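Visitor: Got a structure for you, target_23.cif, holding mmCIF, C-alpha atoms.
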```cif
data_target
#
loop_
_atom_site.label_atom_id
_atom_site.label_comp_id
_atom_site.auth_asym_id
_atom_site.auth_seq_id
_atom_site.Cartn_x
_atom_site.Cartn_y
_atom_site.Cartn_z
CA MET A 27 -5.03 -7.99 -25.28
CA GLY A 28 -1.79 -8.24 -23.29
CA ARG A 29 0.13 -11.28 -22.13
CA LYS A 30 -1.35 -13.45 -19.39
CA TYR A 31 0.52 -14.78 -16.36
CA LYS A 32 -0.32 -17.61 -13.99
CA ASN A 33 1.66 -15.96 -11.21
CA PRO A 34 1.35 -12.21 -11.94
CA PRO A 35 3.36 -9.84 -9.72
CA ILE A 36 0.51 -7.32 -9.29
CA VAL A 37 -0.12 -6.52 -5.64
CA GLU A 38 -2.38 -3.51 -6.14
CA VAL A 39 -4.14 -1.62 -8.88
CA LEU A 40 -5.75 1.70 -8.19
CA CYS A 41 -7.48 4.51 -9.93
CA GLU A 42 -7.33 7.90 -8.25
CA PHE A 43 -9.42 10.94 -9.09
CA GLN A 44 -8.76 14.39 -7.67
CA PHE A 45 -11.52 16.85 -8.46
CA VAL A 46 -11.97 20.51 -9.12
CA SER A 47 -14.98 21.15 -6.96
CA SER A 48 -17.97 23.24 -7.83
CA GLN A 49 -18.62 24.10 -4.17
CA PRO A 50 -16.86 23.82 -0.77
CA TRP A 51 -16.33 20.20 0.36
CA ASP A 52 -19.42 18.79 2.02
CA PHE A 53 -18.60 16.28 4.75
CA ALA A 54 -21.90 14.52 4.03
CA ILE A 55 -20.57 13.30 0.65
CA PRO A 56 -18.78 10.15 1.93
CA GLY A 57 -21.95 9.04 3.74
CA MET A 58 -24.10 9.69 0.68
CA LEU A 59 -21.67 7.72 -1.50
CA TYR A 60 -21.64 4.87 1.02
CA GLU A 61 -25.42 4.60 0.84
CA ARG A 62 -25.15 4.06 -2.92
CA ILE A 63 -22.33 1.48 -2.91
CA LYS A 64 -22.75 -0.35 0.40
CA GLY A 65 -24.15 -3.41 -1.38
CA ASP A 66 -20.67 -4.08 -2.78
CA PHE A 67 -18.58 -2.20 -0.21
CA PRO A 68 -20.28 -2.76 3.14
CA ILE A 69 -17.29 -2.57 5.54
CA ARG A 70 -16.47 0.95 6.68
CA GLY A 71 -13.07 2.11 7.89
CA GLN A 72 -11.17 5.29 8.42
CA GLN A 73 -7.64 6.28 7.61
CA MET A 74 -6.05 9.06 9.60
CA ALA A 75 -3.99 11.39 7.49
CA PHE A 76 -0.83 12.56 9.19
CA ASP A 77 2.57 13.85 8.41
CA ILE A 78 5.83 14.34 10.27
CA VAL A 79 6.64 18.01 10.45
CA LEU A 80 10.17 19.24 11.13
CA GLU A 81 10.23 22.51 13.01
CA PRO A 82 13.37 24.59 13.48
CA LYS A 83 14.17 25.34 17.12
CA GLU A 84 16.70 27.52 18.87
CA GLY A 85 20.35 26.54 18.60
CA GLY A 86 19.99 25.03 15.13
CA LYS A 87 17.98 22.09 16.46
CA THR A 88 14.87 20.73 14.82
CA GLU A 89 11.84 19.23 16.47
CA GLN A 90 9.78 16.48 14.89
CA ARG A 91 6.06 16.79 15.34
CA ILE A 92 3.20 14.69 14.04
CA GLU A 93 0.44 16.67 12.40
CA PHE A 94 -2.94 15.03 11.89
CA GLY A 95 -5.17 15.96 8.95
CA SER A 96 -8.71 15.14 7.85
CA PRO A 97 -9.43 11.43 7.87
CA ARG A 98 -10.08 9.56 4.65
CA LEU A 99 -13.01 7.17 4.66
CA ARG A 100 -12.58 3.68 3.29
CA PHE A 101 -15.31 1.28 2.18
CA PHE A 102 -14.19 -2.33 1.73
CA ASN A 103 -15.84 -5.23 -0.03
CA LYS A 104 -16.59 -8.38 2.00
CA ASP A 105 -13.26 -10.01 1.06
CA LYS A 106 -11.38 -6.80 1.97
CA ASN A 107 -9.41 -7.00 -1.28
CA SER A 108 -11.18 -4.11 -2.95
CA LEU A 109 -11.99 -0.70 -1.53
CA VAL A 110 -13.17 2.80 -2.23
CA GLN A 111 -11.48 5.76 -0.52
CA VAL A 112 -13.12 9.15 -0.22
CA GLY A 113 -11.69 12.38 1.11
CA PRO A 114 -12.06 16.06 0.26
CA ASP A 115 -12.24 16.16 -3.57
CA LEU A 116 -10.59 12.77 -3.74
CA LEU A 117 -11.90 9.38 -4.85
CA THR A 118 -9.82 6.23 -5.17
CA ILE A 119 -10.82 2.74 -6.20
CA ASN A 120 -8.24 0.14 -5.17
CA HIS A 121 -7.98 -3.57 -5.88
CA LEU A 122 -5.50 -5.69 -3.99
CA LYS A 123 -4.24 -9.15 -4.83
CA PRO A 124 -5.74 -11.14 -6.54
CA TYR A 125 -6.42 -8.60 -9.26
CA PRO A 126 -9.34 -9.76 -11.40
CA THR A 127 -8.80 -8.37 -14.93
CA TRP A 128 -9.04 -4.97 -16.58
CA GLU A 129 -12.35 -6.07 -18.07
CA VAL A 130 -13.71 -6.40 -14.52
CA PHE A 131 -11.89 -3.49 -12.87
CA LYS A 132 -12.66 -0.79 -15.43
CA PRO A 133 -16.47 -1.09 -15.12
CA LEU A 134 -16.08 -0.94 -11.34
CA ILE A 135 -14.09 2.32 -11.61
CA LEU A 136 -16.70 3.85 -13.90
CA ARG A 137 -19.59 2.79 -11.71
CA ILE A 138 -18.09 4.23 -8.50
CA LEU A 139 -17.10 7.43 -10.31
CA HIS A 140 -20.63 7.74 -11.67
CA GLU A 141 -22.05 7.46 -8.13
CA TYR A 142 -19.53 9.99 -6.79
CA VAL A 143 -20.35 12.50 -9.53
CA LYS A 144 -24.05 12.17 -8.71
CA VAL A 145 -23.54 13.03 -5.04
CA ALA A 146 -20.62 15.48 -5.20
CA ASN A 147 -21.26 17.21 -8.53
CA PRO A 148 -17.61 18.13 -9.19
CA LYS A 149 -16.70 20.69 -11.83
CA GLY A 150 -14.02 18.51 -13.39
CA PHE A 151 -10.84 16.49 -12.84
CA LYS A 152 -7.80 18.06 -11.28
CA ARG A 153 -5.84 14.86 -11.71
CA ILE A 154 -6.52 11.28 -12.78
CA GLY A 155 -4.16 8.39 -12.09
CA LEU A 156 -4.22 4.75 -13.05
CA ARG A 157 -1.55 2.83 -11.19
CA TYR A 158 -0.30 -0.76 -11.31
CA ILE A 159 2.00 -1.80 -8.48
CA ASN A 160 4.00 -4.99 -8.91
CA LYS A 161 6.04 -6.69 -6.21
CA ILE A 162 8.67 -9.12 -7.35
CA ASP A 163 10.37 -11.35 -4.79
CA PHE A 164 13.69 -13.08 -5.37
CA GLU A 165 15.05 -15.74 -3.08
CA GLY A 166 18.63 -15.25 -1.93
CA SER A 167 20.90 -12.32 -1.25
CA GLU A 168 21.65 -11.01 -4.73
CA ILE A 169 20.44 -10.99 -8.28
CA GLU A 170 21.64 -9.77 -11.62
CA LEU A 171 19.15 -7.01 -12.41
CA SER A 172 19.75 -7.17 -16.16
CA ASP A 173 18.55 -10.77 -16.16
CA TYR A 174 15.08 -9.62 -15.14
CA PHE A 175 14.71 -5.95 -16.08
CA ASN A 176 15.29 -3.87 -19.16
CA TYR A 177 14.49 -0.84 -17.00
CA ARG A 178 17.17 -0.52 -14.34
CA PRO A 179 19.74 1.93 -12.94
CA LEU A 180 22.80 2.68 -15.04
CA THR A 181 25.87 3.54 -12.98
CA PRO A 182 29.34 4.58 -14.16
CA ASN A 183 31.84 1.73 -14.52
CA ASN A 184 34.24 3.20 -11.99
CA LEU A 185 31.63 2.95 -9.24
CA PRO A 186 30.91 -0.35 -7.49
CA GLN A 187 28.55 -2.38 -9.66
CA GLU A 188 26.91 -3.91 -6.64
CA TYR A 189 24.35 -1.93 -4.67
CA LYS A 190 22.06 -2.40 -1.75
CA SER A 191 19.09 -0.17 -2.30
CA PHE A 192 17.89 2.05 -5.06
CA GLN A 193 14.91 3.93 -6.39
CA LEU A 194 14.74 4.71 -10.08
CA THR A 195 11.90 6.98 -11.20
CA VAL A 196 11.45 8.43 -14.65
CA GLU A 197 8.49 10.53 -15.77
CA PHE A 198 7.70 10.18 -19.45
CA PRO A 199 5.46 12.82 -21.02
CA TYR A 200 2.50 11.68 -23.12
CA GLU A 201 -0.20 13.46 -25.13
CA ASN A 202 1.73 16.74 -25.46
CA GLU A 203 2.47 16.76 -21.73
CA ARG A 204 -1.18 16.51 -20.78
CA ASP A 205 -0.33 13.10 -19.26
CA ALA A 206 2.75 11.44 -17.82
CA LEU A 207 3.83 7.92 -17.05
CA ARG A 208 5.75 7.81 -13.79
CA LEU A 209 7.75 4.61 -13.84
CA THR A 210 9.56 3.43 -10.74
CA LEU A 211 11.70 0.43 -9.95
CA ALA A 212 12.80 0.34 -6.32
CA THR A 213 13.85 -1.88 -3.47
CA ILE A 214 11.17 -2.30 -0.80
CA ILE A 215 10.87 -3.90 2.60
CA PRO A 216 10.64 -7.67 2.13
CA GLU A 217 8.05 -9.62 4.08
CA LYS A 218 10.37 -12.55 4.83
CA PRO A 219 14.05 -12.98 5.64
CA ASN A 220 16.47 -13.89 2.81
CA ILE A 221 14.23 -12.37 0.19
CA LEU A 222 14.92 -9.45 -2.10
CA SER A 223 11.79 -7.48 -2.92
CA LEU A 224 11.46 -4.99 -5.73
CA ALA A 225 8.51 -2.84 -6.67
CA LEU A 226 7.80 -2.01 -10.28
CA ASP A 227 5.32 0.83 -10.07
CA LEU A 228 3.59 2.15 -13.19
CA ASP A 229 1.54 5.28 -12.60
CA TYR A 230 -0.12 6.93 -15.60
CA ILE A 231 -1.48 10.36 -14.70
CA MET A 232 -3.36 13.23 -16.22
CA ILE A 233 -1.47 16.24 -14.96
CA LYS A 234 -3.14 19.20 -16.64
CA PRO A 235 -6.25 20.01 -14.60
CA GLU A 236 -9.55 19.83 -16.48
CA SER A 237 -7.90 18.64 -19.69
CA VAL A 238 -10.07 15.50 -19.67
CA LYS A 239 -13.82 16.01 -19.31
CA LEU A 240 -15.97 13.95 -16.99
CA ASP A 241 -17.57 12.10 -19.93
CA GLU A 242 -14.19 11.36 -21.56
CA VAL A 243 -12.83 9.31 -18.70
CA SER A 244 -13.60 5.89 -20.19
CA THR A 245 -11.44 6.61 -23.24
CA TRP A 246 -8.70 8.07 -21.06
CA LEU A 247 -8.67 4.96 -18.87
CA GLU A 248 -8.47 2.64 -21.87
CA ASN A 249 -5.50 4.55 -23.27
CA ALA A 250 -3.82 4.67 -19.85
CA HIS A 251 -4.22 0.94 -19.43
CA MET A 252 -2.74 0.24 -22.85
CA ILE A 253 0.30 2.45 -22.13
CA ILE A 254 0.86 0.82 -18.74
CA GLU A 255 0.60 -2.67 -20.21
CA ASN A 256 3.11 -1.84 -22.95
CA ALA A 257 5.46 -0.19 -20.47
CA PHE A 258 5.33 -3.19 -18.15
CA GLU A 259 6.23 -5.58 -20.95
CA SER A 260 9.04 -3.28 -22.08
CA CYS A 261 10.51 -3.18 -18.56
CA ILE A 262 10.81 -6.92 -18.03
CA THR A 263 12.81 -9.66 -19.72
CA ASP A 264 11.83 -13.20 -20.71
CA LYS A 265 13.39 -14.44 -17.48
CA SER A 266 10.82 -12.39 -15.55
CA ARG A 267 8.06 -13.74 -17.78
CA LYS A 268 9.23 -17.22 -16.85
CA LEU A 269 9.11 -16.25 -13.18
CA PHE A 270 5.55 -14.99 -13.58
CA GLU A 271 4.65 -18.17 -15.52
CA GLU A 272 3.39 -16.76 -18.77
CA VAL A 273 0.34 -18.54 -20.14
CA LYS A 274 0.65 -19.06 -23.90
CA MET B 28 25.08 -5.16 -12.36
CA GLN B 29 24.12 -6.60 -9.01
CA PHE B 30 22.54 -5.53 -5.83
CA SER B 31 22.43 -7.39 -2.58
CA SER B 32 19.93 -7.67 0.15
CA GLN B 33 21.38 -5.78 3.00
CA TYR B 34 19.43 -2.74 2.89
CA ILE B 35 16.87 -1.40 1.55
CA GLN B 36 14.98 1.77 1.77
CA ILE B 37 11.58 2.05 0.40
CA PRO B 38 10.22 4.31 -2.22
CA THR B 39 8.78 7.26 -0.38
CA ASN B 40 6.47 9.65 -2.16
CA TYR B 41 8.50 10.37 -5.24
CA TYR B 42 8.88 14.02 -5.86
CA PRO B 43 6.98 14.60 -9.06
CA LEU B 44 8.39 16.64 -11.86
CA TYR B 45 4.90 17.11 -13.11
CA GLY B 46 1.82 17.99 -11.12
CA SER B 47 0.99 20.85 -8.90
CA PHE B 48 0.93 19.38 -5.43
CA VAL B 49 3.84 19.37 -3.03
CA ASN B 50 2.66 16.61 -0.76
CA PRO B 51 0.34 14.26 -2.61
CA PRO B 52 -1.86 11.92 -0.62
CA GLU B 53 -0.66 8.31 -0.71
CA THR B 54 -3.70 6.39 -1.83
CA SER B 55 -1.97 3.05 -2.40
CA ILE B 56 -2.60 0.64 0.45
CA PHE B 57 0.63 -1.18 -0.37
CA PHE B 58 2.88 1.89 -0.36
CA ASP B 59 1.04 3.62 2.46
CA LYS B 60 2.19 0.86 4.79
CA GLN B 61 5.77 0.83 3.48
CA ASN B 62 6.03 4.63 3.65
CA LYS B 63 4.73 4.80 7.20
CA ILE B 64 7.26 2.22 8.37
CA THR B 65 10.02 4.34 6.86
CA ARG B 66 8.64 7.45 8.53
CA LEU B 67 8.67 5.67 11.88
CA GLU B 68 12.41 5.27 11.42
CA ASN B 69 12.63 9.07 11.58
CA LEU B 70 10.98 9.04 15.00
CA TYR B 71 12.47 5.96 16.67
CA TYR B 72 15.93 4.40 16.84
CA PHE B 73 15.41 0.97 15.30
CA HIS B 74 17.67 -1.54 17.08
CA ASN B 75 17.21 -4.38 14.63
CA PRO B 76 15.78 -2.58 11.60
CA ASP B 77 15.29 -5.53 9.25
CA GLU B 78 13.37 -7.52 11.84
CA ILE B 79 11.33 -4.52 13.01
CA LYS B 80 10.29 -3.60 9.47
CA ARG B 81 9.28 -7.16 8.62
CA PHE B 82 7.37 -7.42 11.90
CA LEU B 83 5.49 -4.19 11.19
CA LEU B 84 4.62 -5.33 7.68
CA THR B 85 2.95 -8.42 9.09
CA HIS B 86 1.45 -6.65 12.13
CA ASP B 87 0.44 -3.46 10.38
CA TYR B 88 -2.24 -2.58 12.95
CA LEU B 89 0.65 -1.47 15.22
CA ILE B 90 1.85 1.27 12.86
CA GLU B 91 -0.64 3.97 13.78
CA HIS B 92 -0.28 3.19 17.50
CA LEU B 93 3.45 3.81 17.15
CA PHE B 94 2.83 7.27 15.70
CA GLU B 95 0.49 8.02 18.56
CA ALA B 96 2.97 6.59 21.08
CA TYR B 97 5.65 9.02 19.91
CA ASP B 98 3.36 11.97 20.54
CA GLN B 99 2.25 10.67 23.94
CA ILE B 100 5.79 9.93 25.10
CA ARG B 101 6.99 13.39 24.12
CA ARG B 102 3.99 14.93 25.86
CA ILE B 103 4.60 13.09 29.12
CA PHE B 104 8.40 12.67 29.22
CA GLY B 105 9.29 15.89 27.38
CA GLU B 106 11.88 16.36 24.66
CA ASN B 107 14.97 15.12 26.48
CA VAL B 108 14.35 11.45 25.84
CA GLU B 109 15.49 9.00 23.20
CA ILE B 110 12.82 6.65 21.94
CA HIS B 111 14.01 3.27 20.70
CA LEU B 112 12.24 0.29 19.15
CA GLU B 113 13.43 -3.20 19.85
CA TYR B 114 12.15 -6.47 18.41
CA THR B 115 12.30 -9.37 20.85
CA ILE B 116 11.72 -12.99 19.98
CA ASP B 117 11.65 -16.26 21.89
CA PRO B 118 11.33 -19.04 19.29
CA GLU B 119 11.01 -21.74 21.96
CA GLU B 120 7.95 -20.05 23.40
CA ASP B 121 6.72 -19.04 19.94
CA TRP B 122 6.57 -15.48 21.18
CA ASP B 123 7.67 -12.19 19.72
CA GLU B 124 6.95 -8.58 20.58
CA LEU B 125 8.00 -5.04 19.84
CA PHE B 126 9.25 -2.90 22.73
CA ILE B 127 9.28 0.85 22.88
CA VAL B 128 12.28 1.70 25.02
CA ILE B 129 12.14 5.21 26.48
CA LYS B 130 15.60 6.33 27.52
CA SER B 131 15.14 9.22 29.92
CA PRO B 132 17.54 11.36 32.00
CA TYR B 133 15.29 11.41 35.07
CA PRO B 134 16.03 9.95 38.51
CA ALA B 135 14.39 6.55 39.11
CA GLU B 136 11.47 7.87 41.15
CA LYS B 137 10.49 10.49 38.59
CA ALA B 138 10.93 8.02 35.70
CA VAL B 139 8.61 5.48 37.35
CA GLU B 140 6.04 8.20 37.93
CA LEU B 141 6.10 9.22 34.26
CA GLU B 142 6.01 5.60 33.15
CA ARG B 143 2.86 5.09 35.21
CA LYS B 144 1.34 8.28 33.83
CA LEU B 145 1.98 7.07 30.27
CA PHE B 146 0.32 3.76 31.10
CA ASP B 147 -2.73 5.41 32.68
CA GLU B 148 -3.26 8.12 30.10
CA TRP B 149 -2.47 6.22 26.92
CA PHE B 150 -1.44 2.57 27.02
CA VAL B 151 -4.35 1.28 29.10
CA HIS B 152 -6.79 2.61 26.48
CA ILE B 153 -5.20 0.78 23.55
CA MET B 154 -3.67 -2.36 25.03
CA ASP B 155 -6.63 -4.56 24.04
CA LYS B 156 -5.96 -3.66 20.40
CA LEU B 157 -2.32 -4.70 20.45
CA ASN B 158 -2.61 -8.53 20.69
CA ASN B 159 0.33 -8.50 23.12
CA LYS B 160 2.62 -7.43 20.27
CA LEU B 161 3.64 -3.99 21.61
CA ASN B 162 4.84 -2.90 25.02
CA PHE B 163 7.00 -0.18 26.52
CA ILE B 164 9.66 0.20 29.19
CA GLU B 165 11.67 3.06 30.58
CA GLU B 166 15.46 2.91 30.93
CA PRO B 167 18.00 5.44 32.10
CA LEU B 168 19.70 7.38 29.34
#
```
How does the structure come out when it is put into structure tokens?

Guide:
Amino acid sequence: MGRKYKNPPIVEVLCEFQFVSSQPWDFAIPGMLYERIKGDFPIRGQQMAFDIVLEPKEGGKTEQRIEFGSPRLRFFNKDKNSLVQVGPDLLTINHLKPYPTWEVFKPLILRILHEYVKVANPKGFKRIGLRYINKIDFEGSEIELSDYFNYRPLTPNNLPQEYKSFQLTVEFPYENERDALRLTLATIIPEKPNILSLALDLDYIMIKPESVKLDEVSTWLENAHMIIENAFESCITDKSRKLFEEVK
Amino acid sequence: MQFSSQYIQIPTNYYPLYGSFVNPPETSIFFDKQNKITRLENLYYFHNPDEIKRFLLTHDYLIEHLFEAYDQIRRIFGENVEIHLEYTIDPEEDWDELFIVIKSPYPAEKAVELERKLFDEWFVHIMDKLNNKLNFIEEPL
């Protein structure tokens, strides 16, 4: 059991499954899944997938073009703080703030996955990810990072020791490189003026396709959660714990 | 070691060392919004970037309309235009709004014609979804 906080920085927790399919993607699958989970996730939405494509043109110029892809369907709960996303060979279960607890979220993941497997009959997992996204706001124009984070950029002494934006990502291998923890600390867009916002993003992923079987996912999730929890505590200092109001 | 507030890029999709995909889908609601705002900065000239980004975070329903707007403007005005975004606020009236400013090289008559075409073929169909928070104008380049 990890530490508890009265004011936890978690803004989103999500579990993402990418599947190795046993057949071509059937566009009826999202509707069939919705029928099974609409009691808890009755509000339907759609997310357009698009990307900005840079195309080389004559004279060394490039043209920017927006390319639209297949939409991803989203099913929200009544409070719109929890949702299920379904796309071709993709299932994600997200929980936004306030995050309940792992003891509540894990059974939800397993239940939705169980329903998906029933309707889509995938061959296995291509990728699994459990991700905890934390947003930490600081009032004012500057902070001393080392006061709050043990995980932070290290820059040579002859460079300015003050910086405006950064993104620090390290991927740590686990389980003989079957899994990886992708750990990111980065500046993000703040919601209010005179606020510094940082994201501490902990993403534990299974990267070797089909190395975890469908019936092994509960154990994998438990291990992933434990690693994320330990990594989070290792990244922050007691001053952060004070900010998050640790409950003892 | 310190860092100060002035700016601030967001974490885009980190390029993974592990994993087989080149362009993974962003399934986080939180980062999806932040990433899209950053992508918009590749399409538009942001006049007051801090204010525009904050405004888009709190009025996130505008984000997808802005992607569509870029496509529609290029379709109607062609490639020889600059597309700017400007955040305008009147605290006394408790009013704020985002303006798409299309800077075009065309003579006034032609520019007005294209502006009207953009309104008729795109803006009129979405304006009821914008809560008076997004508008557009044309200006000479």

Visitor: Once the PyMOL selection byres ((chain A) within 8 of (chain B)) has been applied to the shown file, what residues remain in the selection, as a ChimeraX atom specification?

Guide: /A:37-38,40,42,78,90-92,111,118,120,166-172,187-193,195,197,206,212-218,220-222,233-234

Visitor: Interatomic distance between CA of His111 in chain B and CA of Glu124 in chain B?

Guide: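 Straight-line distance from CA of His111 in chain B to CA of Glu124 in chain B works out to 13.8 Å.
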
Visitor: For this file, the PyMOL selection byres ((chain B and resi 126-135) around 6) selects which residues, as a PyMOL selection string?

Guide: chain B and resi 108-113+125+136-138+161-168

Visitor: Mind giving me the straight-line distance from CA of Arg100 in chain A to CA of Arg204 in chain A in Å, one decimal?

Guide: 29.6 Å

Visitor: Measure the distance from CA of Leu117 in chain A to CA of Pro56 in chain A in Å and round it to one decimal.

Guide: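 Separation between CA of Leu117 in chain A and CA of Pro56 in chain A: 9.7 Å.
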
Visitor: Show me, as a PyMOL selection string, the residues that have an atom within 12 Å of Asn256 in chain A when counting only C-alpha atoms, minus same-chain residues fewer than 2 positions from it.

Guide: chain A and resi 27-29+207+228+230+249-254+258-262

Visitor: Nearest to His86 in chain B among B:Glu68, B:Asp123, B:Gly105, B:Trp149, with distances taken over all atoms listed in the file: which residue is it?

Guide: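 Using all atoms listed in the file, the shortest distance to His86 in chain B belongs to B:Asp123.
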
Visitor: Pick the closest to Pro219 in chain A from A:Glu165, A:Trp128, A:Thr181, A:Asp205: which is it, counting all atoms listed in the file?

Guide: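 Of A:Glu165, A:Trp128, A:Thr181, A:Asp205, the one nearest Pro219 in chain A is A:Glu165, counting all atoms listed in the file.
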
Visitor: Running the PyMOL selection byres ((chain A and resi 270) around 9) on this model by hand, what would come out? Give it as a PDB file with C-alpha atoms, in the coordinates of the input.

Guide:
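The result, written out as selection_12.pdb:
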```
ATOM      1  CA  TYR A  31       0.520 -14.780 -16.360  1.00  0.00           C
ATOM      2  CA  LYS A  32      -0.320 -17.610 -13.990  1.00  0.00           C
ATOM      3  CA  ASN A  33       1.660 -15.960 -11.210  1.00  0.00           C
ATOM      4  CA  PRO A  34       1.350 -12.210 -11.940  1.00  0.00           C
ATOM      5  CA  PRO A  35       3.360  -9.840  -9.720  1.00  0.00           C
ATOM      6  CA  LYS A 265      13.390 -14.440 -17.480  1.00  0.00           C
ATOM      7  CA  SER A 266      10.820 -12.390 -15.550  1.00  0.00           C
ATOM      8  CA  ARG A 267       8.060 -13.740 -17.780  1.00  0.00           C
ATOM      9  CA  LYS A 268       9.230 -17.220 -16.850  1.00  0.00           C
ATOM     10  CA  LEU A 269       9.110 -16.250 -13.180  1.00  0.00           C
ATOM     11  CA  GLU A 271       4.650 -18.170 -15.520  1.00  0.00           C
ATOM     12  CA  GLU A 272       3.390 -16.760 -18.770  1.00  0.00           C
TER      13      GLU A 272
END
```

Visitor: Mind listing as a count of residues only all residues within 12 Å of (-20.4, 9.1, -7.6), counting only C-alpha atoms?

Guide: 35

Visitor: So, counting only C-alpha atoms, which residue among A:Leu156, A:Ile69, A:Leu180, A:Val130 is closest to Phe101 in chain A?

Guide: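 Among A:Leu156, A:Ile69, A:Leu180, A:Val130, it is A:Ile69 that comes nearest to Phe101 in chain A.
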
Visitor: Box in all listed atoms of range 77-81 of chain B, axis-aligned, with 4 Å more on each side; write out centre and edge lengths in Å to one decimal as AutoDock Vina command-line options.

Guide:
```
--center_x 12.3 --center_y -5.6 --center_z 10.8 --size_x 14.0 --size_y 11.9 --size_z 12.4
```

Visitor: Taking only C-alpha atoms into account, name the residue in A:Asp264, A:Lys104, A:Glu203, A:Leu109 that is nearest to Phe175 in chain A.

Guide: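 Closest residue, counting only C-alpha atoms: A:Asp264.
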
Visitor: Taking (2.7, 5.2, 28.8) in the coordinates of the supplied file, I want to know which residues reach to within 9 Å of it, counting all atoms listed in the file; could you give the answer as a short mmCIF file (atom, residue, chain, number, x, y, z; two decimals) with C-alpha atoms, keeping the file's coordinate frame?

Guide:
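And here's out15.cif as it stands now:
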```
data_model
loop_
_atom_site.label_atom_id
_atom_site.label_comp_id
_atom_site.auth_asym_id
_atom_site.auth_seq_id
_atom_site.Cartn_x
_atom_site.Cartn_y
_atom_site.Cartn_z
CA ALA B 96 2.97 6.59 21.08
CA GLN B 99 2.25 10.67 23.94
CA ILE B 100 5.79 9.93 25.10
CA ILE B 103 4.60 13.09 29.12
CA LEU B 141 6.10 9.22 34.26
CA GLU B 142 6.01 5.60 33.15
CA ARG B 143 2.86 5.09 35.21
CA LYS B 144 1.34 8.28 33.83
CA LEU B 145 1.98 7.07 30.27
CA PHE B 146 0.32 3.76 31.10
CA ASP B 147 -2.73 5.41 32.68
CA GLU B 148 -3.26 8.12 30.10
CA TRP B 149 -2.47 6.22 26.92
CA PHE B 150 -1.44 2.57 27.02
CA VAL B 151 -4.35 1.28 29.10
CA PHE B 163 7.00 -0.18 26.52
CA ILE B 164 9.66 0.20 29.19
#
```

Visitor: So which one's closest to Phe104 in chain B, B:Asn158, B:Asn75, B:His152, B:Val139? Using only C-alpha atoms, please.

Guide: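 So, comparing all the options, the nearest one is B:Val139.
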
Visitor: Using only C-alpha atoms, which of the listed residues (B:Asp121, B:Leu89, B:Glu140, B:Thr115) sits closest to Lys156 in chain B?

Guide: B:Leu89

Visitor: Quick one: everything within 12 Å of Asp105 in chain A, counting all atoms listed in the file, minus sequence neighbours fewer than 5 positions away in the same chain. Send it as a list in words.

Guide: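 Skipping anything fewer than 5 positions along the chain leaves Asp66, Phe67, Pro68, Ile69, His121, Leu122, Lys123 and Pro124 of chain A.
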
Visitor: Mind writing the picked residues with C-alpha atoms as a PDB file, in the coordinates of the input?

Guide:
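Result file follows (part_27.pdb):
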```pdb
ATOM      1  CA  ASP A  66     -20.670  -4.080  -2.780  1.00  0.00           C
ATOM      2  CA  PHE A  67     -18.580  -2.200  -0.210  1.00  0.00           C
ATOM      3  CA  PRO A  68     -20.280  -2.760   3.140  1.00  0.00           C
ATOM      4  CA  ILE A  69     -17.290  -2.570   5.540  1.00  0.00           C
ATOM      5  CA  HIS A 121      -7.980  -3.570  -5.880  1.00  0.00           C
ATOM      6  CA  LEU A 122      -5.500  -5.690  -3.990  1.00  0.00           C
ATOM      7  CA  LYS A 123      -4.240  -9.150  -4.830  1.00  0.00           C
ATOM      8  CA  PRO A 124      -5.740 -11.140  -6.540  1.00  0.00           C
TER       9      PRO A 124
END
```
